[in-house]
>>> print(open('my_file.tsv').read())   # TSV, C-alpha atoms
chain	number	residue	atom	x	y	z
A	1	GLY	CA	-12.11	8.79	-10.32
A	2	ALA	CA	-11.54	8.99	-6.61
A	3	VAL	CA	-8.47	10.83	-5.50
A	4	VAL	CA	-6.67	11.05	-2.23
A	5	SER	CA	-4.30	13.93	-1.70
A	6	GLN	CA	-1.55	14.48	0.80
A	7	HIS	CA	0.08	17.68	1.89
A	8	PRO	CA	2.89	18.43	1.96
A	9	SER	CA	4.50	16.15	-0.58
A	10	TRP	CA	7.82	16.56	1.14
A	11	VAL	CA	9.11	18.30	4.22
A	12	ILE	CA	12.47	18.92	5.82
A	13	CYS	CA	12.54	19.88	9.45
A	14	LYS	CA	14.91	20.21	12.35
A	15	SER	CA	15.10	17.62	15.06
A	16	GLY	CA	12.68	18.36	17.88
A	17	THR	CA	10.05	20.10	15.81
A	18	SER	CA	6.58	18.81	14.99
A	19	VAL	CA	5.33	18.11	11.51
A	20	LYS	CA	1.71	17.80	10.40
A	21	ILE	CA	0.73	15.79	7.34
A	22	GLU	CA	-2.73	16.04	5.86
A	23	CYS	CA	-4.62	13.34	4.01
A	24	ARG	CA	-7.76	14.31	2.12
A	25	SER	CA	-10.28	12.32	0.16
A	26	LEU	CA	-11.24	14.69	-2.61
A	27	ASP	CA	-14.52	13.39	-3.98
A	28	PHE	CA	-15.76	10.88	-1.47
A	29	GLN	CA	-16.20	10.55	2.25
A	30	ALA	CA	-14.08	8.22	4.31
A	31	THR	CA	-14.95	7.32	7.87
A	32	THR	CA	-11.74	5.36	8.03
A	33	MET	CA	-8.30	6.20	6.74
A	34	PHE	CA	-5.04	4.34	7.14
A	35	TRP	CA	-1.54	5.65	7.71
A	36	TYR	CA	1.46	3.69	6.49
A	37	ARG	CA	5.17	4.28	6.81
A	38	GLN	CA	7.77	3.14	4.34
A	39	PHE	CA	11.50	3.26	4.98
A	40	PRO	CA	13.86	3.28	1.98
A	41	LYS	CA	13.79	0.04	0.04
A	42	GLN	CA	11.35	-1.50	2.47
A	43	SER	CA	7.71	-2.36	2.44
A	44	LEU	CA	4.76	-0.37	3.70
A	45	MET	CA	3.97	-0.89	7.34
A	46	LEU	CA	0.63	0.09	8.78
A	47	MET	CA	0.99	2.59	11.58
A	48	ALA	CA	-2.57	3.30	12.56
A	49	THR	CA	-6.19	3.36	11.55
A	50	SER	CA	-7.79	6.77	11.68
A	51	ASN	CA	-11.47	6.78	12.60
A	52	GLU	CA	-13.70	9.78	12.06
A	53	GLY	CA	-15.13	11.00	15.33
A	54	SER	CA	-13.19	8.61	17.54
A	55	LYS	CA	-9.69	7.71	18.60
A	56	ALA	CA	-7.24	6.21	16.20
A	57	THR	CA	-6.21	2.60	16.51
A	58	TYR	CA	-2.46	2.14	16.57
A	59	GLU	CA	-0.49	-0.90	15.51
A	60	GLN	CA	1.75	-2.60	17.98
A	61	GLY	CA	5.00	-0.76	18.45
A	62	VAL	CA	3.74	2.60	17.19
A	63	GLU	CA	3.85	5.35	19.81
A	64	LYS	CA	0.49	7.07	19.89
A	65	ASP	CA	1.89	10.06	21.76
A	66	LYS	CA	4.49	10.58	19.10
A	67	PHE	CA	2.29	10.07	16.08
A	68	LEU	CA	-0.88	12.00	16.74
A	69	ILE	CA	-3.79	11.28	14.46
A	70	ASN	CA	-6.88	13.39	14.13
A	71	HIS	CA	-9.78	12.52	11.86
A	72	ALA	CA	-11.79	15.67	12.22
A	73	SER	CA	-14.06	15.29	9.23
A	74	LEU	CA	-15.17	12.70	6.71
A	75	THR	CA	-12.63	13.93	4.21
A	76	LEU	CA	-9.61	14.82	6.31
A	77	SER	CA	-7.19	12.95	8.52
A	78	THR	CA	-4.00	14.44	9.87
A	79	LEU	CA	-0.85	12.79	11.16
A	80	THR	CA	1.38	14.88	13.39
A	81	VAL	CA	4.88	13.67	14.09
A	82	THR	CA	5.75	15.29	17.40
A	83	SER	CA	9.29	16.07	18.44
A	84	ALA	CA	10.62	14.56	15.26
A	85	HIS	CA	13.99	12.86	15.23
A	86	PRO	CA	16.16	11.68	12.36
A	87	GLU	CA	14.91	8.12	12.77
A	88	ASP	CA	11.41	9.39	11.92
A	89	SER	CA	12.61	10.26	8.45
A	90	SER	CA	10.50	8.16	6.15
A	91	PHE	CA	7.85	8.10	3.44
A	92	TYR	CA	4.38	8.42	4.93
A	93	ILE	CA	1.42	7.25	2.88
A	94	CYS	CA	-2.25	7.45	3.69
A	95	SER	CA	-5.09	5.51	2.17
A	96	ALA	CA	-8.81	5.92	2.19
A	97	PRO	CA	-11.22	3.11	1.38
A	98	ARG	CA	-14.21	3.84	-0.75
A	99	THR	CA	-17.04	1.41	-0.16
A	100	GLY	CA	-19.18	0.27	-3.03
A	101	THR	CA	-16.45	0.28	-5.65
A	102	ILE	CA	-16.22	-2.73	-7.83
A	103	GLN	CA	-12.61	-2.73	-8.75
A	104	GLU	CA	-10.38	-0.71	-6.52
A	105	THR	CA	-11.04	-0.80	-2.84
A	106	GLN	CA	-8.55	1.59	-1.37
A	107	TYR	CA	-7.15	4.77	-2.74
A	108	PHE	CA	-3.64	5.76	-1.76
A	109	GLY	CA	-2.31	9.24	-1.45
A	110	PRO	CA	0.88	10.22	-3.27
A	111	GLY	CA	2.87	10.10	-0.04
A	112	THR	CA	4.85	12.58	2.03
A	113	ARG	CA	8.60	12.36	2.31
A	114	LEU	CA	9.84	13.52	5.69
A	115	LEU	CA	13.47	14.30	6.34
A	116	VAL	CA	14.45	15.21	9.87
A	117	LEU	CA	17.85	16.82	10.23
B	1	ALA	CA	-1.91	-13.13	11.92
B	2	GLN	CA	-1.70	-12.36	8.28
B	3	LYS	CA	1.53	-12.52	6.36
B	4	VAL	CA	2.56	-11.90	2.79
B	5	THR	CA	5.88	-13.12	1.43
B	6	GLN	CA	7.53	-12.01	-1.76
B	7	ALA	CA	10.66	-14.10	-1.91
B	8	GLN	CA	12.20	-12.23	-4.83
B	9	THR	CA	13.68	-8.95	-3.69
B	10	GLU	CA	14.93	-7.88	-7.11
B	11	ILE	CA	14.56	-9.12	-10.66
B	12	SER	CA	16.48	-7.79	-13.62
B	13	VAL	CA	15.40	-8.57	-17.18
B	14	VAL	CA	16.03	-7.32	-20.66
B	15	GLU	CA	13.21	-5.60	-22.46
B	16	LYS	CA	10.67	-7.95	-24.06
B	17	GLU	CA	11.41	-10.76	-21.64
B	18	ASP	CA	8.61	-12.09	-19.47
B	19	VAL	CA	8.89	-11.70	-15.72
B	20	THR	CA	6.93	-13.52	-13.02
B	21	LEU	CA	6.63	-12.21	-9.49
B	22	ASP	CA	5.85	-14.65	-6.74
B	23	CYS	CA	3.55	-13.98	-3.81
B	24	VAL	CA	2.69	-16.38	-1.01
B	25	TYR	CA	0.31	-15.47	1.76
B	26	GLU	CA	-0.86	-16.73	5.13
B	27	THR	CA	-4.20	-16.03	6.72
B	28	ARG	CA	-6.67	-17.73	9.00
B	29	ASP	CA	-9.59	-16.03	7.33
B	30	THR	CA	-11.68	-18.05	4.94
B	31	THR	CA	-12.64	-14.93	3.06
B	32	TYR	CA	-10.00	-12.40	2.11
B	33	TYR	CA	-8.78	-10.19	-0.70
B	34	LEU	CA	-5.47	-10.12	-2.51
B	35	PHE	CA	-3.97	-7.17	-4.33
B	36	TRP	CA	-1.06	-6.18	-6.48
B	37	TYR	CA	0.27	-2.62	-6.50
B	38	LYS	CA	3.01	-1.00	-8.53
B	39	GLN	CA	5.22	1.66	-6.99
B	40	PRO	CA	7.26	3.61	-9.55
B	41	PRO	CA	10.18	5.81	-8.47
B	42	SER	CA	7.77	8.66	-7.77
B	43	GLY	CA	6.49	6.65	-4.82
B	44	GLU	CA	2.80	6.75	-5.55
B	45	LEU	CA	1.12	3.37	-5.38
B	46	VAL	CA	-0.69	2.28	-8.52
B	47	PHE	CA	-3.47	-0.26	-8.10
B	48	LEU	CA	-3.21	-3.21	-10.50
B	49	ILE	CA	-5.67	-5.87	-9.40
B	50	ARG	CA	-7.89	-7.14	-6.60
B	51	ARG	CA	-8.96	-10.76	-6.25
B	52	ASN	CA	-11.23	-12.26	-3.63
B	53	SER	CA	-10.61	-15.65	-2.11
B	54	PHE	CA	-13.61	-17.24	-3.80
B	55	ASP	CA	-12.52	-16.34	-7.27
B	56	GLU	CA	-9.64	-18.50	-8.41
B	57	GLN	CA	-10.08	-17.67	-12.03
B	58	ASN	CA	-6.89	-16.45	-13.60
B	59	GLU	CA	-6.99	-13.04	-15.18
B	60	ILE	CA	-5.26	-11.34	-18.05
B	61	SER	CA	-5.20	-7.62	-18.60
B	62	GLY	CA	-3.08	-6.54	-21.50
B	63	ARG	CA	0.49	-7.58	-20.76
B	64	TYR	CA	-0.38	-8.43	-17.17
B	65	SER	CA	-1.68	-11.76	-15.95
B	66	TRP	CA	-2.35	-13.23	-12.55
B	67	ASN	CA	-2.37	-16.81	-11.33
B	68	PHE	CA	-4.27	-17.36	-8.08
B	69	GLN	CA	-3.94	-20.80	-6.50
B	70	LYS	CA	-5.68	-21.13	-3.20
B	71	SER	CA	-4.32	-24.64	-2.66
B	72	THR	CA	-0.79	-23.28	-2.47
B	73	SER	CA	-1.74	-19.85	-1.07
B	74	SER	CA	-0.09	-18.14	-3.97
B	75	PHE	CA	-1.04	-15.18	-6.14
B	76	ASN	CA	1.63	-14.77	-8.78
B	77	PHE	CA	1.89	-11.94	-11.26
B	78	THR	CA	3.40	-12.08	-14.74
B	79	ILE	CA	4.40	-9.24	-17.01
B	80	THR	CA	4.64	-10.37	-20.59
B	81	ALA	CA	6.99	-8.69	-23.04
B	82	SER	CA	8.36	-6.35	-20.40
B	83	GLN	CA	9.07	-2.73	-21.15
B	84	VAL	CA	11.38	-0.20	-19.52
B	85	VAL	CA	8.34	1.59	-18.09
B	86	ASP	CA	7.56	-1.54	-16.10
B	87	SER	CA	10.59	-0.85	-13.92
B	88	ALA	CA	9.20	-0.35	-10.43
B	89	VAL	CA	8.65	-2.05	-7.12
B	90	TYR	CA	5.68	-4.37	-7.07
B	91	PHE	CA	3.82	-5.18	-3.89
B	92	CYS	CA	1.46	-8.00	-3.15
B	93	ALA	CA	-1.02	-7.29	-0.35
B	94	LEU	CA	-3.74	-9.02	1.64
B	95	SER	CA	-6.79	-7.70	3.43
B	96	GLU	CA	-9.44	-9.22	5.60
B	97	ALA	CA	-13.02	-9.59	4.50
B	98	PRO	CA	-15.86	-9.04	4.21
B	99	GLN	CA	-15.42	-5.31	3.82
B	100	ALA	CA	-12.47	-5.36	1.53
B	101	ALA	CA	-12.63	-1.63	1.10
B	102	GLY	CA	-12.51	-0.80	4.74
B	103	ASN	CA	-9.86	-3.11	6.00
B	104	LYS	CA	-6.18	-2.52	6.40
B	105	LEU	CA	-3.70	-4.09	4.04
B	106	THR	CA	-0.78	-6.32	4.92
B	107	PHE	CA	1.96	-5.84	2.37
B	108	GLY	CA	4.65	-8.17	1.19
B	109	GLY	CA	8.24	-6.99	1.15
B	110	GLY	CA	8.05	-5.97	-2.49
B	111	THR	CA	9.94	-7.04	-5.58
B	112	ARG	CA	12.01	-4.51	-7.44
B	113	VAL	CA	11.83	-5.07	-11.19
B	114	LEU	CA	14.45	-3.54	-13.40
B	115	VAL	CA	13.85	-3.76	-17.13
B	116	LYS	CA	16.89	-2.93	-19.18
B	117	PRO	CA	16.61	-1.69	-22.75
>>> encode(input="my_file.tsv", output="structure tokens")
Amino acid sequence: GAVVSQHPSWVICKSGTSVKIECRSLDFQATTMFWYRQFPKQSLMLMATSNEGSKATYEQGVEKDKFLINHASLTLSTLTVTSAHPEDSSFYICSAPRTGTIQETQYFGPGTRLLVL
Amino acid sequence: AQKVTQAQTEISVVEKEDVTLDCVYETRDTTYYLFWYKQPPSGELVFLIRRNSFDEQNEISGRYSWNFQKSTSSFNFTITASQVVDSAVYFCALSEAPQAAGNKLTFGGGTRVLVKP
């Protein structure tokens, strides 16, 4: 079945550094991908919609200059957390919708745990 | 704006007991999709079910069953004869239509289910 991968699965970095997270659709193309953030014991909150070939659409309250999204190809979207701070520590999950499926409509990646020291 | 409410934050049961998770949603759309996802401790979201707003037929899949009532804007989920492996956080989610695959999801706060042996 369809699979979405994320890399890295976890990362620890120092405050002030930038971290790039990759989201790949492995056996299908996705013109749109979504990035969610989940703080401990909380729900998933949509951060932005990544659009292949155009700018990402950010949800209200999400800083686009801090969370850079690039959807360079039909199978890859990247989220870069710039100048990371401890409050950016979270679980980041991407999803990619696959049109035409009967049952499942969106495939989620396994997530990336970010810890900023 | 869309909203999903899961009033139960945590439910604890003993193995073999049934457990019902409540989900109430709000949307102005006449056509929409509802989902349930399971998130085990590993963090990866596991798709359980998708239901569109025109299909109010209840569904049973093994030990899982879903009760969709449009009149009360509810989409409840029941696990029958719970098992320890059912311990996880369960999320109810809502997406706009008509392209259920391509639209972002609004998640409820999640219900943590703990099944004790």
>>> residues_around(input="my_file.tsv", residues="Val85 of chain B", least_positions_apart="4", cutoff="12 Å", atoms="only C-alpha atoms", output="ChimeraX atom specification")
/B:15-16,38-41,79,81,89,113-117
>>> interface_residues(input="my_file.tsv", of="chain B", to="chain A", cutoff="9 Å", atoms="only C-alpha atoms", output="list of chain:residue names")
B:Ser42, B:Gly43, B:Glu44, B:Leu45, B:Val46, B:Phe47, B:Leu48, B:Ile49, B:Arg50, B:Phe91, B:Gln99, B:Ala100, B:Ala101, B:Gly102, B:Asn103, B:Lys104, B:Leu105, B:Thr106, B:Phe107, B:Gly108, B:Gly109, B:Gly110, B:Arg112
>>> closest_residue(input="my_file.tsv", among="A:Gln29, A:Ser83, A:Thr78, A:Gln6", to="Asp65 of chain A", atoms="all atoms listed in the file")
A:Ser83
>>> closest_residue(input="my_file.tsv", among="A:Thr80, A:Arg24, A:Glu63, A:Val19", to="Val116 of chain A", atoms="only C-alpha atoms")
A:Val19
>>> atom_distance(input="my_file.tsv", atom1="atom CA of Ser82 of chain B", atom2="atom CA of Ser65 of chain B")
12.2 Å
>>> atom_distance(input="my_file.tsv", atom1="atom CA of Thr111 of chain B", atom2="atom CA of Cys94 of chain A")
21.1 Å
>>> decode(input="my_file.tsv", residues="chain A", atoms="C-alpha atoms", output="CSV table (one decimal), in the first residue's frame")
chain,number,residue,atom,x,y,z
A,1,GLY,CA,0.0,0.0,0.0
A,2,ALA,CA,0.9,3.6,-0.1
A,3,VAL,CA,3.6,4.7,2.3
A,4,VAL,CA,4.8,8.1,3.5
A,5,SER,CA,8.2,8.3,5.0
A,6,GLN,CA,9.8,11.0,7.2
A,7,HIS,CA,13.4,11.6,7.9
A,8,PRO,CA,14.8,11.9,10.4
A,9,SER,CA,12.6,10.1,12.8
A,10,TRP,CA,14.1,12.0,15.7
A,11,VAL,CA,16.5,14.9,16.1
A,12,ILE,CA,18.2,16.7,18.9
A,13,CYS,CA,19.7,20.1,18.2
A,14,LYS,CA,21.1,23.1,19.9
A,15,SER,CA,19.1,26.3,20.2
A,16,GLY,CA,19.6,28.6,17.3
A,17,THR,CA,20.3,25.9,14.7
A,18,SER,CA,18.1,25.0,11.8
A,19,VAL,CA,16.6,21.6,11.3
A,20,LYS,CA,15.2,20.1,8.1
A,21,ILE,CA,12.6,17.4,8.0
A,22,GLU,CA,11.8,15.5,4.9
A,23,CYS,CA,8.4,14.0,3.9
A,24,ARG,CA,8.3,11.6,1.0
A,25,SER,CA,5.5,9.8,-0.7
A,26,LEU,CA,7.1,6.5,-1.7
A,27,ASP,CA,4.8,5.0,-4.3
A,28,PHE,CA,2.5,7.8,-5.4
A,29,GLN,CA,2.7,11.4,-6.3
A,30,ALA,CA,1.3,14.1,-4.1
A,31,THR,CA,0.8,17.7,-5.3
A,32,THR,CA,-0.3,18.6,-1.8
A,33,MET,CA,1.1,17.6,1.5
A,34,PHE,CA,0.2,18.7,5.0
A,35,TRP,CA,2.4,19.4,8.0
A,36,TYR,CA,1.1,19.0,11.5
A,37,ARG,CA,2.6,19.6,14.9
A,38,GLN,CA,1.7,17.7,18.0
A,39,PHE,CA,2.8,18.8,21.5
A,40,PRO,CA,3.0,16.1,24.3
A,41,LYS,CA,-0.5,14.8,25.2
A,42,GLN,CA,-2.1,17.2,22.8
A,43,SER,CA,-3.9,16.9,19.5
A,44,LEU,CA,-2.5,17.4,16.0
A,45,MET,CA,-2.6,21.0,14.8
A,46,LEU,CA,-2.2,21.8,11.1
A,47,MET,CA,0.7,24.1,10.5
A,48,ALA,CA,0.7,24.5,6.7
A,49,THR,CA,-0.3,23.0,3.4
A,50,SER,CA,2.6,22.3,1.1
A,51,ASN,CA,1.8,22.8,-2.6
A,52,GLU,CA,4.1,21.4,-5.3
A,53,GLY,CA,5.4,24.2,-7.5
A,54,SER,CA,4.0,27.1,-5.4
A,55,LYS,CA,4.1,28.7,-2.0
A,56,ALA,CA,2.9,26.9,1.0
A,57,THR,CA,-0.3,28.0,2.8
A,58,TYR,CA,0.2,28.6,6.5
A,59,GLU,CA,-2.4,28.4,9.2
A,60,GLN,CA,-3.1,31.4,11.3
A,61,GLY,CA,-0.5,31.9,14.0
A,62,VAL,CA,2.3,29.9,12.2
A,63,GLU,CA,5.3,31.9,11.3
A,64,LYS,CA,6.2,31.3,7.7
A,65,ASP,CA,9.7,32.7,8.1
A,66,LYS,CA,10.4,30.3,10.9
A,67,PHE,CA,8.9,27.2,9.4
A,68,LEU,CA,10.1,27.1,5.8
A,69,ILE,CA,8.3,24.7,3.5
A,70,ASN,CA,9.5,23.6,0.2
A,71,HIS,CA,7.6,21.2,-2.1
A,72,ALA,CA,10.2,20.7,-4.8
A,73,SER,CA,8.8,17.6,-6.4
A,74,LEU,CA,5.7,15.5,-6.5
A,75,THR,CA,7.1,13.1,-3.9
A,76,LEU,CA,9.0,15.4,-1.6
A,77,SER,CA,8.1,18.1,0.8
A,78,THR,CA,10.6,19.6,3.4
A,79,LEU,CA,9.9,21.5,6.6
A,80,THR,CA,12.8,23.5,7.9
A,81,VAL,CA,12.6,24.9,11.4
A,82,THR,CA,14.9,27.9,11.4
A,83,SER,CA,16.7,29.2,14.4
A,84,ALA,CA,15.1,26.5,16.6
A,85,HIS,CA,14.3,27.2,20.2
A,86,PRO,CA,13.2,24.9,23.0
A,87,GLU,CA,9.5,25.8,22.5
A,88,ASP,CA,9.8,24.3,19.0
A,89,SER,CA,10.4,20.9,20.5
A,90,SER,CA,7.5,18.8,19.3
A,91,PHE,CA,6.4,15.9,17.2
A,92,TYR,CA,6.0,16.9,13.5
A,93,ILE,CA,3.9,14.8,11.3
A,94,CYS,CA,3.3,15.1,7.6
A,95,SER,CA,0.5,13.6,5.5
A,96,ALA,CA,0.0,13.1,1.8
A,97,PRO,CA,-3.4,12.6,0.2
A,98,ARG,CA,-3.7,10.0,-2.5
A,99,THR,CA,-6.7,10.7,-4.8
A,100,GLY,CA,-8.7,7.9,-6.1
A,101,THR,CA,-8.5,5.7,-3.1
A,102,ILE,CA,-11.6,4.1,-1.8
A,103,GLN,CA,-10.9,3.7,1.8
A,104,GLU,CA,-8.1,5.7,3.1
A,105,THR,CA,-7.7,9.2,1.9
A,106,GLN,CA,-4.6,10.5,3.6
A,107,TYR,CA,-1.5,8.7,4.4
A,108,PHE,CA,0.5,9.9,7.5
A,109,GLY,CA,4.2,9.7,7.9
A,110,PRO,CA,5.6,8.1,11.1
A,111,GLY,CA,6.5,11.5,12.5
A,112,THR,CA,9.7,13.3,13.5
A,113,ARG,CA,10.4,14.1,17.2
A,114,LEU,CA,12.4,17.3,17.6
A,115,LEU,CA,14.1,18.2,20.8
A,116,VAL,CA,15.8,21.6,21.0
A,117,LEU,CA,18.2,22.0,23.8
